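Note: the block below is entry-v7.csv and it holds CSV, C-alpha atoms.
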```csv
chain,number,residue,atom,x,y,z
A,301,MET,CA,-72.9,79.2,82.2
A,302,SER,CA,-70.4,81.8,83.3
A,303,THR,CA,-71.3,85.5,83.5
A,304,PRO,CA,-69.7,87.5,80.6
A,305,LEU,CA,-66.9,89.8,81.8
A,306,ILE,CA,-67.7,93.5,82.0
A,307,ARG,CA,-65.5,95.5,79.7
A,308,LEU,CA,-64.0,98.1,82.0
A,309,VAL,CA,-62.3,100.9,80.1
A,310,VAL,CA,-59.8,102.9,82.3
A,311,LEU,CA,-59.1,106.3,80.9
A,312,TYR,CA,-55.9,107.9,82.2
A,313,GLY,CA,-53.3,110.6,81.5
A,314,GLY,CA,-55.0,113.6,79.9
A,315,VAL,CA,-54.0,117.1,79.0
A,316,SER,CA,-54.1,118.7,82.5
A,317,ALA,CA,-51.2,119.4,84.9
A,318,GLU,CA,-52.3,116.3,86.8
A,319,HIS,CA,-51.4,113.9,83.9
A,320,ASP,CA,-48.7,112.1,85.9
A,321,VAL,CA,-50.9,111.6,88.9
A,322,SER,CA,-53.6,110.1,86.7
A,323,ARG,CA,-51.1,107.5,85.3
A,324,VAL,CA,-50.3,106.4,88.9
A,325,SER,CA,-54.0,106.1,89.8
A,326,ALA,CA,-54.7,104.1,86.7
A,327,ALA,CA,-51.9,101.6,87.3
A,328,HIS,CA,-53.3,100.8,90.8
A,329,VAL,CA,-56.9,100.6,89.8
A,330,LEU,CA,-56.1,98.2,87.0
A,331,ALA,CA,-53.9,96.1,89.4
A,332,ALA,CA,-56.7,95.9,92.0
A,333,ALA,CA,-59.7,95.2,89.7
A,334,ASP,CA,-61.0,91.6,89.9
A,335,ARG,CA,-59.9,90.0,86.6
A,336,SER,CA,-62.5,87.3,87.0
A,337,LYS,CA,-65.2,90.0,86.6
A,338,TYR,CA,-63.6,92.5,84.2
A,339,ARG,CA,-61.9,92.6,80.9
A,340,LEU,CA,-59.6,95.5,81.5
A,341,ILE,CA,-59.0,98.0,78.7
A,342,PRO,CA,-56.4,100.7,79.5
A,343,VAL,CA,-56.7,103.8,77.3
A,344,GLY,CA,-54.2,106.6,77.7
A,345,ILE,CA,-54.6,110.2,76.6
A,346,ASP,CA,-51.4,112.0,75.9
A,347,LYS,CA,-50.7,115.7,76.7
A,348,ARG,CA,-51.7,116.7,73.2
A,349,GLY,CA,-55.1,115.1,73.6
A,350,GLY,CA,-54.4,112.0,71.5
A,351,TRP,CA,-56.0,108.7,72.6
A,352,HIS,CA,-53.9,105.5,72.7
A,353,ARG,CA,-55.0,101.9,73.3
A,354,ASN,CA,-52.4,100.5,75.6
A,355,ASP,CA,-52.3,96.9,74.2
A,356,ALA,CA,-49.1,96.1,76.1
A,357,ALA,CA,-50.7,96.8,79.5
A,358,ALA,CA,-53.9,95.0,78.5
A,359,GLU,CA,-51.9,91.9,77.5
A,360,ALA,CA,-49.9,92.0,80.7
A,361,LEU,CA,-53.1,92.2,82.8
A,362,ALA,CA,-54.7,89.3,80.8
A,363,ALA,CA,-51.6,87.2,81.5
A,364,GLY,CA,-51.7,88.0,85.2
A,365,ALA,CA,-48.5,90.0,85.1
A,366,GLU,CA,-47.9,93.0,87.4
A,367,LEU,CA,-48.0,96.5,86.1
A,368,PRO,CA,-45.5,99.2,87.0
A,369,ASN,CA,-46.5,101.8,89.6
A,370,SER,CA,-47.2,104.4,86.8
A,371,LEU,CA,-48.8,103.5,83.5
A,372,ASP,CA,-47.2,104.9,80.4
A,373,VAL,CA,-49.4,106.5,77.7
A,374,GLU,CA,-48.4,104.2,74.8
A,375,GLY,CA,-49.8,102.2,71.9
A,376,PRO,CA,-51.6,103.0,68.7
A,377,GLU,CA,-53.5,106.3,68.5
A,378,VAL,CA,-57.2,105.5,68.1
A,379,ASN,CA,-60.5,107.1,67.6
A,380,PRO,CA,-62.2,107.6,71.0
A,381,LEU,CA,-65.5,106.1,70.0
A,382,GLN,CA,-63.9,103.0,68.5
A,383,VAL,CA,-61.9,102.2,71.6
A,384,LEU,CA,-64.7,103.1,74.0
A,385,ALA,CA,-67.7,101.3,72.5
A,386,GLY,CA,-66.4,97.8,71.9
A,387,ARG,CA,-68.6,95.2,70.3
A,388,PRO,CA,-72.5,95.5,70.4
A,389,GLU,CA,-72.7,92.6,72.7
A,390,ASP,CA,-70.2,94.0,75.2
A,391,LEU,CA,-71.3,95.5,78.5
A,392,THR,CA,-68.9,98.4,78.8
A,393,VAL,CA,-68.3,100.7,81.8
A,394,VAL,CA,-65.8,103.6,81.6
A,395,PHE,CA,-63.7,104.7,84.5
A,396,PRO,CA,-62.4,108.2,83.8
A,397,LEU,CA,-59.4,108.6,86.0
A,398,LEU,CA,-58.6,111.9,84.5
A,399,HIS,CA,-57.8,114.4,87.2
A,400,GLY,CA,-58.2,118.1,86.5
A,401,PRO,CA,-59.4,119.9,83.4
A,402,HIS,CA,-60.6,118.0,80.4
A,403,GLY,CA,-61.4,115.0,82.5
A,404,GLU,CA,-62.9,115.9,85.9
A,405,ASP,CA,-64.8,119.0,84.6
A,406,GLY,CA,-67.7,117.4,82.7
A,407,THR,CA,-66.1,117.4,79.3
A,408,VAL,CA,-65.3,113.7,79.1
A,409,GLN,CA,-68.5,112.9,80.9
A,410,GLY,CA,-70.5,114.8,78.2
A,411,MET,CA,-68.8,112.8,75.5
A,412,LEU,CA,-69.7,109.5,77.3
A,413,GLU,CA,-73.3,110.7,77.6
A,414,LEU,CA,-73.4,111.3,73.8
A,415,PHE,CA,-71.9,107.8,73.2
A,416,LYS,CA,-74.6,106.4,75.6
A,417,LEU,CA,-71.9,104.6,77.7
A,418,PRO,CA,-72.1,104.0,81.5
A,419,TYR,CA,-69.3,105.6,83.4
A,420,ILE,CA,-68.1,105.8,86.9
A,421,GLY,CA,-68.5,109.0,88.8
A,422,CYS,CA,-70.4,112.3,88.7
A,423,GLY,CA,-72.4,113.5,85.7
A,424,VAL,CA,-71.8,116.5,83.5
A,425,LEU,CA,-73.3,119.1,85.9
A,426,ALA,CA,-71.8,117.9,89.1
A,427,SER,CA,-68.4,117.4,87.5
A,428,ALA,CA,-68.4,120.9,86.1
A,429,VAL,CA,-69.7,122.6,89.2
A,430,CYS,CA,-67.3,120.8,91.6
A,431,MET,CA,-64.4,121.5,89.3
A,432,ASP,CA,-65.2,125.2,89.5
A,433,LYS,CA,-64.5,126.0,93.1
A,434,ALA,CA,-66.1,129.4,92.8
A,435,MET,CA,-69.4,127.9,91.6
A,436,ALA,CA,-69.3,125.1,94.1
A,437,LYS,CA,-68.9,127.5,96.9
A,438,GLU,CA,-72.0,129.5,95.7
A,439,ILE,CA,-74.1,126.3,95.6
A,440,ALA,CA,-72.9,125.0,98.9
A,441,ALA,CA,-73.7,128.4,100.5
A,442,ARG,CA,-77.2,128.2,99.2
A,443,ALA,CA,-77.5,124.7,100.7
A,444,GLY,CA,-76.5,126.1,104.1
A,445,ILE,CA,-73.2,124.2,104.3
A,446,PRO,CA,-70.7,126.2,106.4
A,447,GLN,CA,-67.5,127.4,104.6
A,448,CYS,CA,-64.6,129.8,105.2
A,449,LYS,CA,-64.8,133.4,103.9
A,450,TRP,CA,-63.8,133.8,100.2
A,451,ILE,CA,-64.0,136.2,97.2
A,452,THR,CA,-63.4,135.5,93.6
A,453,PHE,CA,-61.5,137.3,90.8
A,454,ARG,CA,-62.4,136.8,87.1
A,455,ASP,CA,-59.8,137.9,84.7
A,456,GLY,CA,-61.0,140.4,82.2
A,457,VAL,CA,-64.2,141.1,84.2
A,458,ASP,CA,-63.2,142.1,87.7
A,459,ASP,CA,-61.0,145.0,88.6
A,460,ALA,CA,-57.7,143.6,90.0
A,461,ARG,CA,-57.0,146.6,92.2
A,462,GLN,CA,-60.4,146.4,93.8
A,463,VAL,CA,-60.1,142.7,94.4
A,464,LEU,CA,-56.7,143.2,96.1
A,465,ALA,CA,-58.4,145.8,98.4
A,466,ASP,CA,-61.4,143.7,99.0
A,467,ALA,CA,-59.4,140.6,99.8
A,468,THR,CA,-57.2,142.4,102.4
A,469,GLU,CA,-60.2,144.2,104.0
A,470,GLN,CA,-62.7,141.2,104.1
A,471,LEU,CA,-60.3,138.3,104.5
A,472,GLY,CA,-57.2,139.7,106.1
A,473,LEU,CA,-53.7,138.4,105.5
A,474,PRO,CA,-52.4,135.8,104.9
A,475,VAL,CA,-54.8,134.3,102.3
A,476,PHE,CA,-54.7,131.3,100.0
A,477,VAL,CA,-55.1,131.8,96.3
A,478,LYS,CA,-56.1,129.0,93.9
A,479,PRO,CA,-57.3,128.6,90.3
A,480,ALA,CA,-61.0,127.8,90.3
A,481,ASN,CA,-60.6,124.9,87.9
A,482,MET,CA,-57.7,122.8,89.0
A,483,GLY,CA,-56.9,120.0,91.4
A,484,SER,CA,-54.1,118.4,93.4
A,485,SER,CA,-53.2,121.9,94.8
A,486,VAL,CA,-51.7,122.8,91.4
A,487,GLY,CA,-51.4,126.6,91.2
A,488,VAL,CA,-52.2,127.2,94.9
A,489,SER,CA,-50.2,129.8,96.8
A,490,ARG,CA,-50.2,131.4,100.2
A,491,ALA,CA,-49.9,135.2,100.2
A,492,ASP,CA,-48.7,137.2,103.3
A,493,SER,CA,-48.7,140.6,101.7
A,494,ILE,CA,-50.4,142.7,99.0
A,495,GLU,CA,-47.4,142.1,96.7
A,496,GLU,CA,-47.5,138.3,97.3
A,497,LEU,CA,-51.3,138.3,96.8
A,498,ASP,CA,-50.8,140.1,93.4
A,499,ALA,CA,-48.1,137.5,92.4
A,500,ALA,CA,-50.3,134.6,93.7
A,501,ILE,CA,-53.2,135.8,91.5
A,502,ASN,CA,-51.0,136.0,88.5
A,503,HIS,CA,-49.6,132.5,89.2
A,504,ALA,CA,-53.2,131.1,89.5
A,505,LEU,CA,-54.1,132.7,86.2
A,506,ARG,CA,-51.7,130.5,84.5
A,507,TYR,CA,-54.2,127.7,85.0
A,508,ASP,CA,-57.6,129.3,84.9
A,509,ASP,CA,-59.2,132.7,84.3
A,510,VAL,CA,-61.2,132.5,87.6
A,511,VAL,CA,-59.3,132.7,90.9
A,512,VAL,CA,-60.6,131.9,94.4
A,513,ILE,CA,-59.1,133.9,97.3
A,514,GLU,CA,-59.8,132.4,100.8
A,515,GLU,CA,-59.2,133.5,104.3
A,516,THR,CA,-56.6,131.5,106.2
A,517,VAL,CA,-58.2,128.9,108.4
A,518,THR,CA,-56.2,127.5,111.3
A,519,GLY,CA,-58.3,124.4,111.7
A,520,ARG,CA,-57.4,120.8,111.2
A,521,GLU,CA,-57.6,119.4,107.6
A,522,VAL,CA,-60.1,116.4,107.5
A,523,GLU,CA,-61.4,114.5,104.5
A,524,VAL,CA,-64.4,112.2,104.0
A,525,ALA,CA,-64.9,109.7,101.2
A,526,VAL,CA,-68.5,109.5,99.8
A,527,LEU,CA,-69.9,106.6,97.8
A,528,GLY,CA,-73.3,106.2,96.4
A,529,ASN,CA,-75.9,108.0,94.3
A,530,ALA,CA,-79.1,109.6,95.7
A,531,ALA,CA,-78.6,108.2,99.2
A,532,PRO,CA,-74.8,108.1,99.6
A,533,ASP,CA,-72.7,106.6,102.3
A,534,ALA,CA,-69.8,108.5,104.0
A,535,SER,CA,-66.6,106.9,105.2
A,536,LEU,CA,-64.8,107.4,108.5
A,537,PRO,CA,-62.8,110.6,108.2
A,538,GLY,CA,-59.1,111.0,107.7
A,539,GLU,CA,-56.9,113.8,108.9
A,540,ILE,CA,-53.9,115.4,107.2
A,541,LYS,CA,-51.1,117.1,108.9
A,542,PRO,CA,-49.2,118.9,106.1
A,543,GLY,CA,-45.5,118.7,105.8
A,544,SER,CA,-45.4,122.4,104.6
A,545,ASP,CA,-47.6,125.5,104.9
A,546,PHE,CA,-50.5,123.6,103.4
A,547,TYR,CA,-51.2,120.2,101.8
A,548,ASP,CA,-49.7,120.9,98.4
A,549,TYR,CA,-48.7,118.9,95.3
A,550,GLU,CA,-45.2,118.1,96.7
A,551,ASP,CA,-46.8,116.7,99.9
A,552,LYS,CA,-49.3,114.6,98.1
A,553,TYR,CA,-47.2,113.0,95.3
A,554,VAL,CA,-43.5,113.8,95.7
A,555,THR,CA,-42.1,114.0,99.2
A,556,GLY,CA,-44.9,112.2,101.1
A,557,ALA,CA,-44.1,114.4,104.1
A,558,ALA,CA,-47.7,114.9,105.1
A,559,GLU,CA,-48.9,112.7,108.0
A,560,LEU,CA,-52.2,110.9,107.2
A,561,MET,CA,-54.3,109.7,110.1
A,562,ILE,CA,-57.1,107.3,109.3
A,563,PRO,CA,-59.5,107.3,111.1
A,564,ALA,CA,-59.0,110.9,112.2
A,565,PRO,CA,-58.6,111.3,116.0
A,566,LEU,CA,-62.0,113.0,116.6
A,567,SER,CA,-64.9,112.6,119.1
A,568,ASP,CA,-67.8,110.3,118.0
A,569,GLU,CA,-70.0,113.4,117.8
A,570,ALA,CA,-67.5,115.3,115.5
A,571,ILE,CA,-67.2,112.2,113.3
A,572,ALA,CA,-71.0,111.9,113.0
A,573,GLN,CA,-71.3,115.6,112.1
A,574,VAL,CA,-68.6,115.5,109.4
A,575,ARG,CA,-70.0,112.3,107.8
A,576,GLU,CA,-73.4,113.9,107.6
A,577,LEU,CA,-72.1,117.2,106.2
A,578,ALA,CA,-70.1,115.3,103.6
A,579,ALA,CA,-73.2,113.4,102.4
A,580,ASP,CA,-75.1,116.7,102.4
A,581,ALA,CA,-72.5,118.4,100.2
A,582,PHE,CA,-72.5,115.4,97.9
A,583,VAL,CA,-76.3,115.6,97.4
A,584,ALA,CA,-76.4,119.4,97.2
A,585,LEU,CA,-73.9,119.4,94.4
A,586,ARG,CA,-75.7,116.5,92.6
A,587,CYS,CA,-72.7,114.2,92.8
A,588,ALA,CA,-73.0,110.5,91.8
A,589,GLY,CA,-70.8,107.5,92.3
A,590,LEU,CA,-67.9,108.9,94.3
A,591,ALA,CA,-66.4,112.1,95.7
A,592,ARG,CA,-63.9,113.1,98.3
A,593,VAL,CA,-65.2,116.0,100.5
A,594,ASP,CA,-62.6,118.1,102.2
A,595,PHE,CA,-63.1,120.1,105.4
A,596,PHE,CA,-61.4,122.4,107.8
A,597,TYR,CA,-62.2,121.8,111.5
A,598,GLU,CA,-62.1,124.8,113.9
A,599,GLU,CA,-62.6,122.9,117.2
A,600,ASP,CA,-63.0,126.0,119.4
A,601,SER,CA,-64.9,128.3,117.1
A,602,ARG,CA,-66.9,127.7,113.9
A,603,GLY,CA,-66.6,123.9,113.8
A,604,TRP,CA,-66.7,122.2,110.4
A,605,LEU,CA,-66.0,124.3,107.3
A,606,LEU,CA,-66.3,122.8,103.8
A,607,ASN,CA,-63.1,123.3,101.8
A,608,GLU,CA,-63.9,121.6,98.4
A,609,VAL,CA,-65.4,118.5,96.7
A,610,ASN,CA,-63.2,116.4,94.4
A,611,THR,CA,-65.2,114.2,92.0
A,612,ILE,CA,-62.3,112.1,90.8
A,613,PRO,CA,-60.1,111.7,93.8
A,614,GLY,CA,-56.7,110.1,93.6
A,615,PHE,CA,-56.5,106.3,93.6
A,616,THR,CA,-52.7,106.0,94.2
A,617,PRO,CA,-51.5,103.8,97.1
A,618,GLY,CA,-51.2,106.9,99.3
A,619,SER,CA,-54.5,108.5,98.3
A,620,MET,CA,-57.0,109.2,101.0
A,621,TYR,CA,-60.1,108.0,99.2
A,622,PRO,CA,-59.4,104.3,99.0
A,623,LYS,CA,-57.6,104.4,102.3
A,624,MET,CA,-60.6,105.9,104.1
A,625,TRP,CA,-62.9,103.2,102.7
A,626,GLU,CA,-60.5,100.5,103.7
A,627,ALA,CA,-60.6,101.8,107.2
A,628,THR,CA,-64.5,101.8,107.0
A,629,GLY,CA,-64.6,98.2,105.9
A,630,ILE,CA,-64.5,98.3,102.0
A,631,THR,CA,-61.5,96.8,100.3
A,632,TYR,CA,-59.9,98.3,97.2
A,633,PRO,CA,-61.3,95.6,94.8
A,634,ASP,CA,-64.8,95.8,96.5
A,635,LEU,CA,-64.7,99.6,96.1
A,636,ILE,CA,-64.2,99.2,92.3
A,637,ASP,CA,-67.1,96.7,92.2
A,638,ARG,CA,-69.4,99.1,94.0
A,639,LEU,CA,-68.4,101.9,91.7
A,640,VAL,CA,-69.2,99.8,88.6
A,641,THR,CA,-72.6,98.9,90.1
A,642,LEU,CA,-73.4,102.5,90.9
A,643,ALA,CA,-72.4,103.5,87.3
A,644,LEU,CA,-74.8,101.0,85.8
A,645,GLU,CA,-77.5,102.1,88.2
A,646,VAL,CA,-77.2,105.7,87.0
A,647,HIS,CA,-77.0,104.7,83.4
A,648,ARG,CA,-80.2,102.6,83.6
A,649,ARG,CA,-82.1,105.4,85.3
A,650,ARG,CA,-80.9,108.1,82.8
A,651,SER,CA,-81.6,105.8,79.8
A,652,SER,CA,-85.2,105.3,81.0
A,653,PHE,CA,-86.1,109.0,80.7
A,654,SER,CA,-88.4,109.9,77.8
A,655,THR,CA,-87.1,112.3,75.1
A,656,GLU,CA,-90.6,112.7,73.6
A,657,HIS,CA,-93.2,115.4,74.3
```
Could you show the structure in this file as C-alpha cells?
Amino acid sequence: MSTPLIRLVVLYGGVSAEHDVSRVSAAHVLAAADRSKYRLIPVGIDKRGGWHRNDAAAEALAAGAELPNSLDVEGPEVNPLQVLAGRPEDLTVVFPLLHGPHGEDGTVQGMLELFKLPYIGCGVLASAVCMDKAMAKEIAARAGIPQCKWITFRDGVDDARQVLADATEQLGLPVFVKPANMGSSVGVSRADSIEELDAAINHALRYDDVVVIEETVTGREVEVAVLGNAAPDASLPGEIKPGSDFYDYEDKYVTGAAELMIPAPLSDEAIAQVRELAADAFVALRCAGLARVDFFYEEDSRGWLLNEVNTIPGFTPGSMYPKMWEATGITYPDLIDRLVTLALEVHRRRSSFSTEH
C-alpha cells in the first residue's frame, strides 16, 4: 500500500516590496520538490492581498511539465481557509515563501496557527522578532552575541534631531540606515554626511516607522544556513563580495554582480566559531525550521559580528541558503524533505500542549 502524498501548499507573492522575489523562490521550490512525496498546491497572493489558487501551475506540475523561473499570481480568487485546509483526510503542510512584511513577520504564521495547520519555518514570535531588526538586536545583545554598534529611531516617538546627533557622535560616519521591518536590502542606504543621514532615514520611513542606524563595518560579509528546531545544524558558511557599496537588492536579484564563495575561504577555527554562533543566534531568537544568519567578520579586531537573521531566506537559484546546504551535503530536494519533517515535528509538539487549567 502506497503512502498518501503530503499536500504541500506553497504560498508566494504577497503585498510586500519583495513580491517578485517570492515568485522566483516559489517556482524553484515547486520544481525541486519530490512529486512522488507531495501533491503540490501553488497559492499566490497578489499585491492587494487577494489569494489565488494557481490551478494552471498545479496541473503543469502534476503532468511533469517545467515551470517558468518566476511563478505568476493567477487563477481564481479564493478564501484562504478553503485553499489551505484541503480535505479532512489530507495531511497538509504549508510553506510560506512570503518574504518581508505580511509573510515573514508572524502575521501569516499566526493565521496558520489559528487554522491548526503545520507550516515550515519559524513560529509567530521568532518571525516577528527577527523581522524587526531593532528588537532582534536587543535580544541578541541579551544573549551575549557580538554585534556592531547601532541606534534606533522610532517615528513619532524619538526626536529626529537628537537621533542625528547621537548617530554621528556614537557611530561616526558613514553609517548604514535600514527600515526595521524589511528584507532583501529594500530601503537600505549608506549615509556619508548629516544631510545624507537625514535623507536615508526619510527613505527608510517609506517602509517602516522604526529605523535602524548602524556603524560602518569594514569586515567580510559571511552567511550561515541553519536547519532544525531545538538543536539545529549549521551549514558551511558562504561569503559575499558585493558588487556595490553593500550587498543590495540590485546585487541579489538584478545584476548578480556580487561574488558568492561557498564555502567561504576561512580557517577551520573561524568556520567552527561562526557555525556555533549561528546556531546560538537561532536558538536565542527561538527560531524553528530554517533561518539564514548573516555576519560581518573583522579578522584583525572584533571577530564575528551578527548582522541579522532571516527567517524566510530566498530560495532562488542564486540564493545562499540552498547553495550553502548543497555545499554541506544536503541537496535541494532533500532540504525540502527535511523542512517538511521539521514542520510536522513542531506541529505535533505544539498540538500536544494542554489548554486546560
Taking 5 positions as the minimum chain separation for residues in the same chain, which residues sit within 8 Å of A:Val463 when counting only C-alpha atoms? Answer as a PDB file with C-alpha atoms, in the coordinates of the input.
```pdb
ATOM      1  CA  THR A 452     -63.400 135.500  93.600  1.00  0.00           C
ATOM      2  CA  PHE A 453     -61.500 137.300  90.800  1.00  0.00           C
ATOM      3  CA  ASP A 458     -63.200 142.100  87.700  1.00  0.00           C
TER       4      ASP A 458
END
```
Neighbour residues at most 12 Å from (-51.2, 94.5, 79.5) (only C-alpha atoms) as a ChimeraX atom specification: /A:327,330-331,339-343,353-368,371-372,374-375
For A:Phe615, the nearest of the candidates A:Leu381, A:Leu397, A:Ala443, A:Ala480, counting all atoms listed in the file: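 Nearest to A:Phe615: A:Leu397.
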Expected residue set, 6 Å radius at (-59.5, 105.5, 107.5), all atoms listed in the file, as a list in words: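 Using all atoms listed in the file, the matching residues come out as Leu536, Gly538, Ile562, Pro563, Lys623, Met624 and Ala627 of chain A.
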For A:Ser485, the nearest of the candidates A:Leu391, A:Cys448, A:Ala504, A:Leu527, counting all atoms listed in the file: A:Ala504
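For the choices A:Val394, A:Ala581, A:Ile451, A:Ile636, the atom-to-atom distance to A:Leu471 is smallest for A:Ile451 when using all atoms listed in the file.
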For A:Ala564: contacts at 10 Å, all atoms listed in the file, fewer than 2 positions along chain excluded, given as a list in words: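 The residues that qualify are Glu521, Val522, Glu523, Val524, Leu536, Pro537, Gly538, Glu539, Ile540, Leu560, Met561, Ile562, Leu566, Ser567, Ile571 and Met624 of chain A.
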Contact residues around A:Glu626 with all atoms listed in the file at 10 Å, ignoring same-chain residues under 6 positions, as a ChimeraX atom specification: /A:535-536,562,620,632,634-635
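Between A:Arg648 and the candidates A:Leu308, A:Lys416, A:Glu404, A:Arg335, the tightest atom-to-atom separation, counting only C-alpha atoms, involves A:Lys416.
Comparing A:Pro622, A:Gly313, A:Trp604, A:Glu514 by their smallest distance to A:Glu569, the closest is A:Trp604 (using only C-alpha atoms).
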Distance in Å - atom CA of A:Ala440 versus atom CA of A:Leu585: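 Separation between atom CA of A:Ala440 and atom CA of A:Leu585: 7.3 Å.
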Pick from A:Val393, A:Ala428, A:Ala465, A:Leu642, whichever lies nearest to A:Gly410 using only C-alpha atoms: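 Comparing A:Val393, A:Ala428, A:Ala465, A:Leu642 against A:Gly410, the winner is A:Ala428.
Near A:Lys449, within 10 Å and counting all atoms listed in the file, sit Pro446, Ala467, Gln470, Leu471, Ile513, Glu514, Glu515, Thr516, Val517 and Leu605 of chain A, not including residues fewer than 3 positions from it in the same chain.
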Just the selected residues (C-alpha atoms), exported as a compact mmCIF listing (two decimals), in the coordinates of the input, please.
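This is the output file part32.txt:
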```txt
# COMPACT_ATOMS: atom_id res chain seq x y z
CA PRO A 446 -70.70 126.20 106.40
CA ALA A 467 -59.40 140.60 99.80
CA GLN A 470 -62.70 141.20 104.10
CA LEU A 471 -60.30 138.30 104.50
CA ILE A 513 -59.10 133.90 97.30
CA GLU A 514 -59.80 132.40 100.80
CA GLU A 515 -59.20 133.50 104.30
CA THR A 516 -56.60 131.50 106.20
CA VAL A 517 -58.20 128.90 108.40
CA LEU A 605 -66.00 124.30 107.30
```
